[in-house]
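Q: Provided below: protein13.txt, containing compact mmCIF, C-alpha atoms.
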# COMPACT_ATOMS: atom_id res chain seq x y z
CA MET A 92 -0.40 34.90 4.31
CA ILE A 93 -1.38 31.24 3.89
CA GLY A 94 -4.65 30.31 5.57
CA LEU A 95 -4.99 26.72 6.74
CA VAL A 96 -8.62 25.78 7.28
CA ASN A 97 -9.46 23.92 10.48
CA ILE A 98 -13.09 23.08 11.11
CA GLY A 99 -12.37 20.49 13.74
CA ILE A 100 -12.51 17.34 11.63
CA GLY A 101 -9.65 17.53 9.14
CA ASN A 102 -6.14 16.23 9.77
CA TYR A 103 -4.89 19.78 10.03
CA ASN A 104 -2.13 18.78 12.47
CA SER A 105 -0.44 16.77 9.71
CA LEU A 106 -0.66 19.80 7.47
CA ILE A 107 0.82 21.99 10.20
CA SER A 108 3.77 19.59 10.48
CA ALA A 109 4.22 19.56 6.71
CA LEU A 110 4.08 23.35 6.37
CA LYS A 111 6.57 23.75 9.21
CA LYS A 112 8.85 21.23 7.54
CA ILE A 113 8.96 23.36 4.39
CA ASN A 114 9.35 26.57 6.44
CA VAL A 115 6.08 28.23 5.54
CA THR A 116 4.38 30.77 7.77
CA PHE A 117 0.63 30.38 7.92
CA LYS A 118 -2.38 31.10 10.07
CA ILE A 119 -5.10 28.72 11.11
CA CYS A 120 -8.57 29.76 9.98
CA GLU A 121 -11.46 28.42 12.02
CA VAL A 122 -14.19 30.93 11.25
CA ALA A 123 -14.90 33.34 8.39
CA ASN A 124 -13.28 36.34 10.14
CA ASP A 125 -9.94 34.54 10.36
CA PHE A 126 -9.42 34.90 6.61
CA GLU A 127 -8.49 38.57 6.76
CA ASN A 128 -5.11 39.09 5.02
CA VAL A 129 -5.17 35.52 3.71
CA ASP A 130 -4.04 35.35 0.09
CA LYS A 131 -3.76 31.58 -0.30
CA ILE A 132 -5.98 28.90 1.20
CA ILE A 133 -5.35 25.23 2.01
CA ILE A 134 -8.25 22.97 2.97
CA PRO A 135 -7.08 19.63 4.36
CA GLY A 136 -9.38 16.70 4.56
CA VAL A 137 -9.94 13.63 6.61
CA GLY A 138 -13.64 13.35 7.02
CA ALA A 139 -16.97 12.47 5.52
CA PHE A 140 -18.45 14.80 2.91
CA GLY A 141 -21.77 15.61 4.62
CA GLU A 142 -20.33 16.45 8.01
CA PHE A 143 -17.55 18.47 6.41
CA ILE A 144 -19.79 20.69 4.29
CA GLU A 145 -22.15 21.21 7.20
CA LYS A 146 -19.32 22.48 9.40
CA LEU A 147 -18.07 24.78 6.64
CA LYS A 148 -21.52 26.31 6.37
CA THR A 149 -22.00 26.73 10.12
CA ARG A 150 -18.74 28.64 10.23
CA LYS A 151 -19.65 30.56 7.05
CA ILE A 152 -16.42 29.42 5.44
CA ASP A 153 -18.33 28.15 2.40
CA LYS A 154 -18.97 31.75 1.38
CA VAL A 155 -15.35 32.74 2.02
CA ILE A 156 -14.17 29.99 -0.31
CA LYS A 157 -16.60 30.97 -3.05
CA ASP A 158 -15.64 34.63 -2.77
CA SER A 159 -11.94 33.77 -2.73
CA PHE A 160 -12.33 31.69 -5.88
CA ALA A 161 -14.09 34.62 -7.57
CA LYS A 162 -11.23 36.90 -6.50
CA ASN A 163 -8.68 34.49 -8.00
CA ILE A 164 -7.13 33.66 -4.63
CA PRO A 165 -5.29 30.33 -5.01
CA ILE A 166 -7.00 27.50 -3.15
CA LEU A 167 -5.72 23.97 -2.57
CA GLY A 168 -8.33 21.35 -1.63
CA ILE A 169 -7.05 18.03 -0.34
CA CYS A 170 -9.09 14.79 -0.34
CA VAL A 171 -12.45 15.72 1.24
CA GLY A 172 -11.25 19.32 1.02
CA MET A 173 -11.14 18.62 -2.72
CA GLN A 174 -14.45 16.83 -2.92
CA ILE A 175 -16.52 19.61 -1.32
CA MET A 176 -15.48 22.00 -4.12
CA PHE A 177 -17.51 19.96 -6.62
CA SER A 178 -21.23 19.77 -7.30
CA LYS A 179 -22.38 16.77 -5.36
CA SER A 180 -21.45 13.65 -3.40
CA TYR A 181 -23.39 10.48 -2.76
CA GLU A 182 -21.40 9.62 0.38
CA GLN A 183 -23.84 8.47 3.07
CA GLY A 184 -26.79 10.06 1.30
CA ASN A 185 -26.88 12.87 -1.20
CA HIS A 186 -25.07 16.11 -0.40
CA ASN A 187 -24.56 19.28 -2.38
CA GLY A 188 -21.04 20.63 -2.55
CA LEU A 189 -19.89 24.20 -3.12
CA ASP A 190 -20.28 23.64 -6.87
CA ILE A 191 -17.32 25.83 -7.78
CA ILE A 192 -16.11 23.15 -10.16
CA SER A 193 -18.42 20.62 -11.75
CA GLY A 194 -18.54 16.90 -11.08
CA ASN A 195 -20.17 14.37 -8.76
CA PHE A 196 -18.59 11.94 -6.32
CA ARG A 197 -19.91 8.41 -6.29
CA SER A 198 -18.83 5.23 -4.56
CA LEU A 199 -15.81 3.37 -5.88
CA ASN A 200 -17.98 0.26 -5.55
CA THR A 201 -19.66 1.31 -8.79
CA LEU A 202 -16.36 1.66 -10.70
CA THR A 203 -15.49 -1.96 -11.44
CA LYS A 204 -16.62 -5.38 -10.31
CA ASP A 205 -14.85 -6.85 -7.26
CA ILE A 206 -13.09 -3.58 -6.58
CA ILE A 207 -11.52 -3.25 -3.15
CA VAL A 208 -12.87 -0.20 -1.34
CA PRO A 209 -11.48 2.11 -0.03
CA HIS A 210 -8.63 2.90 -2.39
CA VAL A 211 -5.82 3.02 0.17
CA GLY A 212 -2.12 3.32 -0.42
CA TRP A 213 0.51 4.70 -2.77
CA ASN A 214 -0.51 5.16 -6.37
CA ASP A 215 0.94 7.11 -9.26
CA CYS A 216 -0.41 10.18 -11.03
CA LYS A 217 -0.25 10.46 -14.78
CA ILE A 218 0.03 14.10 -15.73
CA LEU A 219 -2.22 15.00 -18.66
CA LYS A 220 -1.78 18.75 -18.59
CA LYS A 221 1.18 20.76 -17.40
CA THR A 222 0.72 22.07 -13.88
CA GLU A 223 2.83 24.20 -11.58
CA LEU A 224 1.90 21.80 -8.77
CA PHE A 225 4.18 19.19 -10.38
CA TYR A 226 7.13 21.49 -10.94
CA GLY A 227 10.28 19.40 -10.32
CA ILE A 228 8.22 16.24 -9.69
CA LYS A 229 8.53 13.32 -12.08
CA ASN A 230 5.50 12.16 -14.00
CA TYR A 231 4.04 8.94 -12.51
CA SER A 232 5.25 9.80 -9.02
CA ASP A 233 3.51 8.00 -6.17
CA PHE A 234 1.22 9.75 -3.72
CA TYR A 235 -0.80 8.44 -0.80
CA PHE A 236 -4.51 7.94 -1.43
CA ASN A 237 -7.25 7.03 1.02
CA HIS A 238 -10.80 7.46 -0.24
CA SER A 239 -14.02 5.58 -0.97
CA TYR A 240 -15.61 7.99 -3.46
CA PHE A 241 -14.35 9.09 -6.86
CA LEU A 242 -15.10 11.93 -9.21
CA ASP A 243 -17.47 11.34 -12.06
CA LYS A 244 -19.08 13.65 -14.62
CA PHE A 245 -16.37 16.27 -14.43
CA GLU A 246 -15.34 18.71 -17.16
CA ASN A 247 -12.44 17.35 -19.20
CA GLN A 248 -10.87 20.77 -19.41
CA ASP A 249 -10.39 20.77 -15.62
CA LEU A 250 -8.56 17.43 -15.54
CA ILE A 251 -4.83 17.66 -14.82
CA ALA A 252 -3.90 14.11 -13.75
CA SER A 253 -5.44 10.69 -13.50
CA THR A 254 -4.64 7.57 -11.53
CA ASN A 255 -5.27 3.95 -12.36
CA TYR A 256 -7.27 1.94 -9.86
CA GLY A 257 -8.73 -0.78 -12.02
CA LYS A 258 -9.97 2.05 -14.18
CA LYS A 259 -8.74 5.60 -14.52
CA ILE A 260 -9.90 7.97 -11.81
CA PRO A 261 -9.24 11.72 -11.74
CA SER A 262 -6.59 12.62 -9.16
CA ILE A 263 -5.80 16.30 -9.82
CA LEU A 264 -8.17 18.91 -11.21
CA GLN A 265 -7.78 22.62 -11.62
CA LYS A 266 -10.16 25.41 -12.45
CA LYS A 267 -8.59 28.85 -12.65
CA LYS A 268 -6.79 29.21 -9.29
CA LEU A 269 -8.59 26.34 -7.59
CA TYR A 270 -6.33 23.29 -7.30
CA THR A 271 -7.76 20.02 -6.06
CA VAL A 272 -5.96 16.76 -5.27
CA GLN A 273 -7.57 13.49 -4.27
CA PHE A 274 -4.43 12.19 -2.53
CA HIS A 275 -2.74 13.47 0.63
CA PRO A 276 0.40 15.50 -0.22
CA GLU A 277 1.09 16.04 3.49
CA LYS A 278 1.44 12.24 3.77
CA SER A 279 3.29 11.61 0.53
CA GLN A 280 6.84 12.14 1.72
CA VAL A 281 9.27 14.06 -0.49
CA ASN A 282 6.95 14.37 -3.51
CA GLY A 283 4.06 15.54 -1.36
CA LEU A 284 6.09 18.19 0.45
CA LYS A 285 7.40 19.38 -2.93
CA LEU A 286 3.85 19.67 -4.24
CA LEU A 287 2.83 21.77 -1.22
CA LYS A 288 5.87 23.97 -1.72
CA ASN A 289 4.96 24.37 -5.40
CA PHE A 290 1.45 25.45 -4.46
CA ILE A 291 2.82 28.03 -2.08
CA GLU A 292 5.60 29.35 -4.30
CA ARG A 293 4.32 28.93 -7.84
CA CYS A 294 0.53 28.88 -7.94
CA MET B 137 -1.20 1.15 -10.31
CA LEU B 138 -1.69 0.76 -6.57
CA LYS B 139 1.48 -0.36 -4.78
CA LYS B 140 1.74 -2.98 -2.07
CA ARG B 141 2.57 -1.37 1.25
CA ILE B 142 5.28 -2.10 3.80
CA ILE B 143 3.88 -0.94 7.11
CA THR B 144 5.85 -0.50 10.29
CA VAL B 145 3.86 -1.35 13.41
CA LEU B 146 5.23 0.05 16.66
CA THR B 147 3.89 -1.06 20.02
CA PHE B 148 4.37 1.02 23.14
CA LEU B 149 4.17 -0.03 26.76
CA ASP B 150 3.92 2.94 29.12
CA GLY B 151 5.55 5.12 26.49
CA THR B 152 8.43 2.80 25.69
CA LEU B 153 8.80 1.09 22.33
CA PHE B 154 8.75 -2.69 22.56
CA ARG B 155 8.67 -5.53 20.11
CA THR B 156 6.07 -8.06 21.16
CA LYS B 157 6.11 -11.85 21.17
CA ASN B 158 2.85 -13.68 21.67
CA PHE B 159 1.39 -10.30 22.50
CA LYS B 160 3.70 -9.63 25.42
CA ALA B 161 6.33 -6.90 25.44
CA ASP B 162 9.50 -8.73 24.49
CA TYR B 163 12.35 -6.48 23.54
CA ARG B 164 12.88 -2.81 24.20
CA TYR B 165 13.90 -0.39 21.45
CA THR B 166 14.31 3.29 20.91
CA LYS B 167 12.26 5.23 18.42
CA ASN B 168 15.42 6.73 16.89
CA PHE B 169 15.85 3.44 15.03
CA ILE B 170 12.82 4.06 12.92
CA ASP B 171 13.33 5.15 9.35
CA LEU B 172 10.66 7.65 8.48
CA VAL B 173 11.44 8.04 4.80
CA LYS B 174 11.34 4.71 3.02
CA VAL B 175 8.55 3.10 5.02
CA ASP B 176 5.11 3.41 3.40
CA GLU B 177 3.05 3.76 6.53
CA ILE B 178 3.37 3.76 10.32
CA VAL B 179 1.01 2.33 12.93
CA LEU B 180 1.37 3.18 16.62
CA ILE B 181 -0.33 0.92 19.14
CA ASP B 182 -0.56 1.55 22.86
CA ILE B 183 -0.39 -1.81 24.66
CA SER B 184 -0.24 -0.32 28.17
CA GLU B 185 -2.80 -1.32 30.73
CA ASN B 186 -3.55 2.34 31.39
CA LYS B 187 -4.19 3.87 28.00
CA PHE B 188 -3.97 7.54 27.04
CA GLN B 189 -1.07 8.29 29.37
CA LYS B 190 0.92 11.40 28.61
CA SER B 191 3.93 9.26 27.70
CA PHE B 192 2.05 7.66 24.77
CA LEU B 193 0.43 10.91 23.69
CA ASP B 194 3.88 12.53 23.56
CA ILE B 195 5.00 9.69 21.27
CA VAL B 196 2.01 10.41 19.03
CA ASP B 197 2.99 14.09 18.87
CA TYR B 198 6.54 13.13 17.96
CA TYR B 199 5.38 11.06 15.00
CA VAL B 200 2.82 13.61 13.83
CA LYS B 201 5.59 16.22 13.75
CA ASN B 202 8.23 14.08 12.14
CA CYS B 203 6.66 11.61 9.78
CA PHE B 204 5.23 12.49 6.41
CA VAL B 205 3.73 9.14 5.61
CA PRO B 206 0.31 7.95 6.80
CA LEU B 207 0.02 7.50 10.53
CA SER B 208 -2.51 5.25 12.23
CA ILE B 209 -3.01 5.18 15.98
CA GLY B 210 -4.70 2.62 18.19
CA GLY B 211 -5.13 1.33 21.70
CA GLY B 212 -8.17 1.66 23.93
CA ILE B 213 -10.55 3.49 21.61
CA SER B 214 -13.85 2.77 23.31
CA ASP B 215 -15.83 5.96 22.73
CA MET B 216 -16.11 8.94 20.42
CA ASP B 217 -13.99 11.27 22.59
CA LYS B 218 -11.05 8.89 22.39
CA ALA B 219 -11.39 8.58 18.63
CA ASN B 220 -11.60 12.39 18.36
CA LEU B 221 -8.48 12.75 20.49
CA PHE B 222 -6.30 10.70 18.12
CA PHE B 223 -7.71 12.37 15.01
CA ASP B 224 -7.25 15.82 16.57
CA LYS B 225 -3.65 14.96 17.30
CA GLY B 226 -3.08 14.16 13.64
CA ALA B 227 -3.95 10.51 13.06
CA ASP B 228 -4.88 9.76 9.47
CA LYS B 229 -6.56 6.58 10.59
CA ILE B 230 -7.35 4.94 13.89
CA VAL B 231 -7.04 1.28 14.79
CA VAL B 232 -9.97 -0.06 16.78
CA SER B 233 -10.56 -3.46 18.31
CA SER B 234 -12.79 -5.96 16.59
CA ILE B 235 -14.83 -6.03 19.83
CA LEU B 236 -16.52 -2.93 18.40
CA TYR B 237 -18.67 -5.28 16.33
CA LYS B 238 -20.78 -5.12 19.48
CA ASN B 239 -20.82 -1.33 19.42
CA GLN B 240 -22.24 -0.66 15.97
CA LYS B 241 -23.29 2.87 16.93
CA LEU B 242 -19.76 3.95 17.74
CA LEU B 243 -18.34 2.57 14.49
CA GLU B 244 -21.12 4.31 12.60
CA ARG B 245 -20.49 7.61 14.37
CA ILE B 246 -16.76 7.51 13.62
CA SER B 247 -17.54 6.59 10.04
CA LYS B 248 -20.05 9.41 9.70
CA LYS B 249 -17.59 11.98 11.00
CA TYR B 250 -14.31 10.79 9.48
CA GLY B 251 -15.37 8.44 6.69
CA ARG B 252 -15.10 4.66 6.78
CA GLN B 253 -11.65 4.79 5.17
CA SER B 254 -10.34 6.28 8.42
CA ILE B 255 -11.05 3.13 10.42
CA ILE B 256 -8.74 0.12 10.63
CA VAL B 257 -10.14 -2.79 12.59
CA GLY B 258 -7.56 -4.94 14.32
CA LEU B 259 -8.60 -8.56 14.12
CA ASP B 260 -6.51 -10.60 16.53
CA CYS B 261 -6.92 -14.33 16.07
CA LYS B 262 -5.80 -17.49 17.77
CA LYS B 263 -5.75 -20.96 16.31
CA LYS B 264 -8.06 -23.58 17.76
CA ILE B 265 -7.95 -27.23 16.75
CA ASN B 266 -9.79 -26.90 13.45
CA ASP B 267 -10.50 -23.23 13.28
CA TYR B 268 -9.63 -19.81 14.62
CA SER B 269 -11.14 -17.66 17.30
CA VAL B 270 -11.11 -13.89 17.70
CA ILE B 271 -9.23 -12.53 20.70
CA CYS B 272 -9.68 -9.11 22.27
CA LYS B 273 -8.22 -6.93 25.00
CA SER B 274 -4.56 -7.42 24.08
CA GLY B 275 -4.97 -11.16 23.84
CA THR B 276 -6.64 -11.71 27.20
CA SER B 277 -10.23 -12.25 26.17
CA ASN B 278 -11.43 -14.95 23.78
CA ILE B 279 -14.80 -14.04 22.31
CA ASN B 280 -15.31 -17.44 20.69
CA LYS B 281 -16.35 -16.16 17.30
CA SER B 282 -14.80 -17.04 13.99
CA PRO B 283 -12.64 -14.34 12.37
CA ILE B 284 -14.64 -14.59 9.13
CA GLU B 285 -17.91 -13.93 10.93
CA ILE B 286 -16.46 -10.92 12.75
CA ALA B 287 -14.68 -9.62 9.65
CA LYS B 288 -17.94 -9.72 7.67
CA LYS B 289 -19.82 -8.00 10.49
CA ILE B 290 -17.42 -5.12 10.89
CA TYR B 291 -17.06 -4.77 7.13
CA ASN B 292 -20.84 -4.45 6.82
CA ILE B 293 -21.05 -1.92 9.63
CA GLY B 294 -18.29 0.09 7.95
CA CYS B 295 -14.55 -0.05 8.23
CA GLY B 296 -11.75 0.92 5.87
CA GLU B 297 -9.19 -1.82 6.41
CA ILE B 298 -8.78 -4.97 8.42
CA LEU B 299 -5.51 -5.69 10.19
CA ILE B 300 -5.19 -9.44 10.68
CA ASN B 301 -2.90 -10.76 13.33
CA ASN B 302 -2.42 -14.33 14.44
CA ILE B 303 -1.32 -14.10 18.04
CA ASP B 304 0.53 -17.40 17.88
CA ASN B 305 2.69 -16.06 15.05
CA ASP B 306 3.29 -12.70 16.75
CA GLY B 307 7.05 -12.26 17.11
CA SER B 308 7.73 -15.79 15.83
CA LEU B 309 9.53 -14.70 12.63
CA LEU B 310 8.18 -17.90 11.03
CA GLY B 311 6.07 -16.20 8.37
CA TYR B 312 2.52 -14.91 8.17
CA ASP B 313 -0.42 -17.20 8.76
CA LEU B 314 -1.36 -17.41 5.08
CA GLU B 315 -4.22 -19.82 5.65
CA LEU B 316 -5.98 -17.44 8.03
CA ILE B 317 -5.29 -14.42 5.83
CA LYS B 318 -6.63 -16.16 2.71
CA LYS B 319 -9.79 -17.20 4.52
CA ILE B 320 -10.59 -13.69 5.64
CA SER B 321 -9.54 -11.85 2.49
CA SER B 322 -11.77 -13.96 0.29
CA ASN B 323 -14.77 -12.94 2.38
CA VAL B 324 -14.53 -9.16 2.51
CA ASN B 325 -13.90 -6.52 -0.13
CA CYS B 326 -11.85 -4.02 1.82
CA PRO B 327 -8.07 -3.78 1.95
CA ILE B 328 -6.45 -6.37 4.18
CA ILE B 329 -3.16 -5.80 5.92
CA ALA B 330 -1.40 -8.54 7.83
CA LEU B 331 0.76 -8.61 10.92
CA GLY B 332 2.56 -11.30 12.82
CA GLY B 333 5.42 -13.53 11.80
CA ALA B 334 7.51 -11.70 9.20
CA GLY B 335 11.06 -12.96 9.62
CA ASN B 336 12.53 -12.43 6.17
CA TRP B 337 11.73 -10.91 2.80
CA GLN B 338 10.45 -14.19 1.38
CA HIS B 339 7.66 -14.02 3.98
CA LEU B 340 6.61 -10.65 2.57
CA LEU B 341 6.66 -12.06 -0.95
CA ASP B 342 4.60 -15.10 0.09
CA LEU B 343 2.05 -12.75 1.60
CA PHE B 344 1.82 -10.51 -1.46
CA ASN B 345 1.42 -13.49 -3.73
CA ILE B 346 -1.96 -14.03 -2.13
CA SER B 347 -4.20 -11.73 -4.15
CA ASN B 348 -6.05 -8.96 -2.31
CA ILE B 349 -3.47 -8.31 0.37
CA SER B 350 -2.70 -4.58 0.46
CA GLY B 351 0.01 -4.35 3.04
CA ALA B 352 2.56 -6.30 5.02
CA CYS B 353 3.17 -5.14 8.57
CA THR B 354 6.51 -5.74 10.19
CA GLN B 355 7.26 -5.34 13.84
CA ASN B 356 10.82 -6.58 14.03
CA ILE B 357 13.31 -3.79 14.57
CA PHE B 358 15.67 -5.12 11.95
CA HIS B 359 13.00 -4.36 9.40
CA PHE B 360 12.81 -0.71 10.33
CA THR B 361 16.10 0.76 9.27
CA ASP B 362 16.54 2.61 6.02
CA GLU B 363 18.79 -0.04 4.57
CA SER B 364 16.56 -2.96 5.46
CA ILE B 365 13.36 -1.41 4.12
CA ASN B 366 15.23 -0.57 0.94
CA SER B 367 16.51 -4.12 0.60
CA ALA B 368 13.04 -5.56 1.24
CA LYS B 369 11.63 -3.32 -1.47
CA LYS B 370 14.34 -4.28 -3.95
CA PHE B 371 13.75 -7.97 -3.26
CA LEU B 372 10.00 -7.59 -3.79
CA GLN B 373 10.49 -5.56 -6.97
CA SER B 374 12.81 -8.19 -8.39
CA HIS B 375 9.89 -10.60 -7.91
CA LYS B 376 7.53 -8.29 -9.81
CA ILE B 377 5.63 -6.93 -6.82
CA ALA B 378 4.54 -3.30 -7.36
CA ILE B 379 6.21 -1.29 -4.63
CA ARG B 380 6.79 2.42 -4.00
CA GLU B 381 10.48 3.24 -4.50
Would you mind writing the structure in this file as structure tokens?
A:
Amino acid sequence: MIGLVNIGIGNYNSLISALKKINVTFKICEVANDFENVDKIIIPGVGAFGEFIEKLKTRKIDKVIKDSFAKNIPILGICVGMQIMFSKSYEQGNHNGLDIISGNFRSLNTLTKDIIVPHVGWNDCKILKKTELFYGIKNYSDFYFNHSYFLDKFENQDLIASTNYGKKIPSILQKKKLYTVQFHPEKSQVNGLKLLKNFIERC
Amino acid sequence: MLKKRIITVLTFLDGTLFRTKNFKADYRYTKNFIDLVKVDEIVLIDISENKFQKSFLDIVDYYVKNCFVPLSIGGGISDMDKANLFFDKGADKIVVSSILYKNQKLLERISKKYGRQSIIVGLDCKKKINDYSVICKSGTSNINKSPIEIAKKIYNIGCGEILINNIDNDGSLLGYDLELIKKISSNVNCPIIALGGAGNWQHLLDLFNISNISGACTQNIFHFTDESINSAKKFLQSHKIAIRE
């Protein structure tokens, strides 16, 4: 069973619509106990890092995610749902993430001079390492991004795809069965729905 | 490379889709016209006097269920509960009025919970003799401040994008107010999207040729069908504008 995490601040309704569109059965997981029988996890994200991680902890879902990763249960983290998997974020302060995969998020303002922040809109992903997520999807396909922080100091071996926004920024990373995407597949039309389907069927 | 966006803005009066002209409901449409595949982004705005009616919320549900491109929702967001309501329903972003420059706390709270990239500030402007003034409350209240001053203020408090609209151009089909858009975009470093006046594809091209502009909003029904969005995109591509296919 697919578990869709809802902690009250993500855009889980968009994910529900997307999963219904591709005919997937799933359950909504709001607290740690809801994860019984869940063998695949999706964590959507519209939100700020600090608030998001706090809510995960209150509901004890942080531990569920860590345990699931250790048990090789496939996890897909989307946008902020991606970011919280990493070590740290400097969004509105200094927050520790779950530190399952290493890297820090810092403001796009520090990437290049005169950069426009946030990075909003459709941008392409250059695939650097073969991934099941991209099965049947062309390299350089466009996905919808909307974020103000980017991943820095990550492990090169985890990098799957990068995206050019003035400079290259990491857009897909994978560590074992943890898949993380900076863009919003649920909002990226045909390619996005295909990516979600790939996660469910092939990862 | 980041693509320029073609954004469909839909305005609803008591649950019915209207095109507006000078900010008044002008021509009635049905939502079945809207192409949900080729468009890059959709914005729903409630222009009813009584906001948050069931009829508008049903429209929101319809789009959340059926569109797989970014969805922004606005109209009457004056406190945290109302912002929460639209996000809970499935909004990726909300559109708030520039009058919130007076309510710094609310903007900060939304930003803290959802991130600043989730906030679009609608900056409605009207031309005065030598300058522009910011207008609020669906065009009924002139706050006598310059758009640049307000844009800088809300940018500093924390917003993701600014949606510029010149009321006089709204529904005119005479082209975007490039002078106004240039003035604002050279003063803030967030994405700027523009609304009001698109009548043909050349108008979109003129807008994109101003650096910094991230998206062109269209509100004319003839710009919403699959074929027309496709033809707009082909035209822009032939003029070397980076566009999502």
Q: Residues of chain A near chain B: apply a cut-off of 9 Å, count only C-alpha atoms, and supply the list as a ChimeraX atom specification.
A: /A:99-109,111-112,137-143,182-183,205-215,233,235,237-239,254-257,275-281,283-284
Q: Report the centre and edge lengths, in Å to one decimal, of an axis-aligned box enclosing every atom of stretch 243-251 of chain B listed in the file, padded by 8 Å on each side, as lines of an AutoDock Vina configuration file.
A:
center_x = -17.7
center_y = 7.3
center_z = 10.6
size_x = 22.8
size_y = 25.4
size_z = 23.8
Q: List as a list in words the protein and nucleic acid residues near A:Lys285, meaning an atom at most 8 Å away when only C-alpha atoms are counted, but skip any in the same chain fewer than 4 places from it.
A: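 So, after excluding close chain neighbours, the residues are Gly227, Ile228, Val281 and Asn289 of chain A.
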Q: Would you compute the distance between atom CA of B:Ser184 and atom CA of B:Ile349? Give it in Å to one decimal.
A: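 Pair atom CA of B:Ser184 / atom CA of B:Ile349 returns 29.1 Å.
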Q: Residues at most 7 Å from A:Ser232, counting all atoms listed in the file, excluding those fewer than 2 positions away in the same chain, as a list in words?
A: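 Skipping anything fewer than 2 positions along the chain leaves Asp215, Cys216, Lys229, Asn230 and Phe234 of chain A.
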Q: Those residues with C-alpha atoms, as a compact mmCIF listing (two decimals), keeping the file's coordinate frame please?
A:
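That gives us selection-v4.txt:
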# COMPACT_ATOMS: atom_id res chain seq x y z
CA ASP A 215 0.94 7.11 -9.26
CA CYS A 216 -0.41 10.18 -11.03
CA LYS A 229 8.53 13.32 -12.08
CA ASN A 230 5.50 12.16 -14.00
CA PHE A 234 1.22 9.75 -3.72
Q: For B:Lys238, list every protein, DNA or RNA residue within 10 Å, evaluated using only C-alpha atoms, and leave out those in the same chain fewer than 5 positions away; present the list as a list in words.
A: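 In the requested form, the answer reads Leu243, Ile286, Lys289 and Ile290 of chain B.
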Q: What separation in Å, quoted to one decimal, exists between atom CA of A:Gly194 and atom CA of A:Lys162?
A: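 Atom CA of A:Lys162 lies 21.8 Å from atom CA of A:Gly194.
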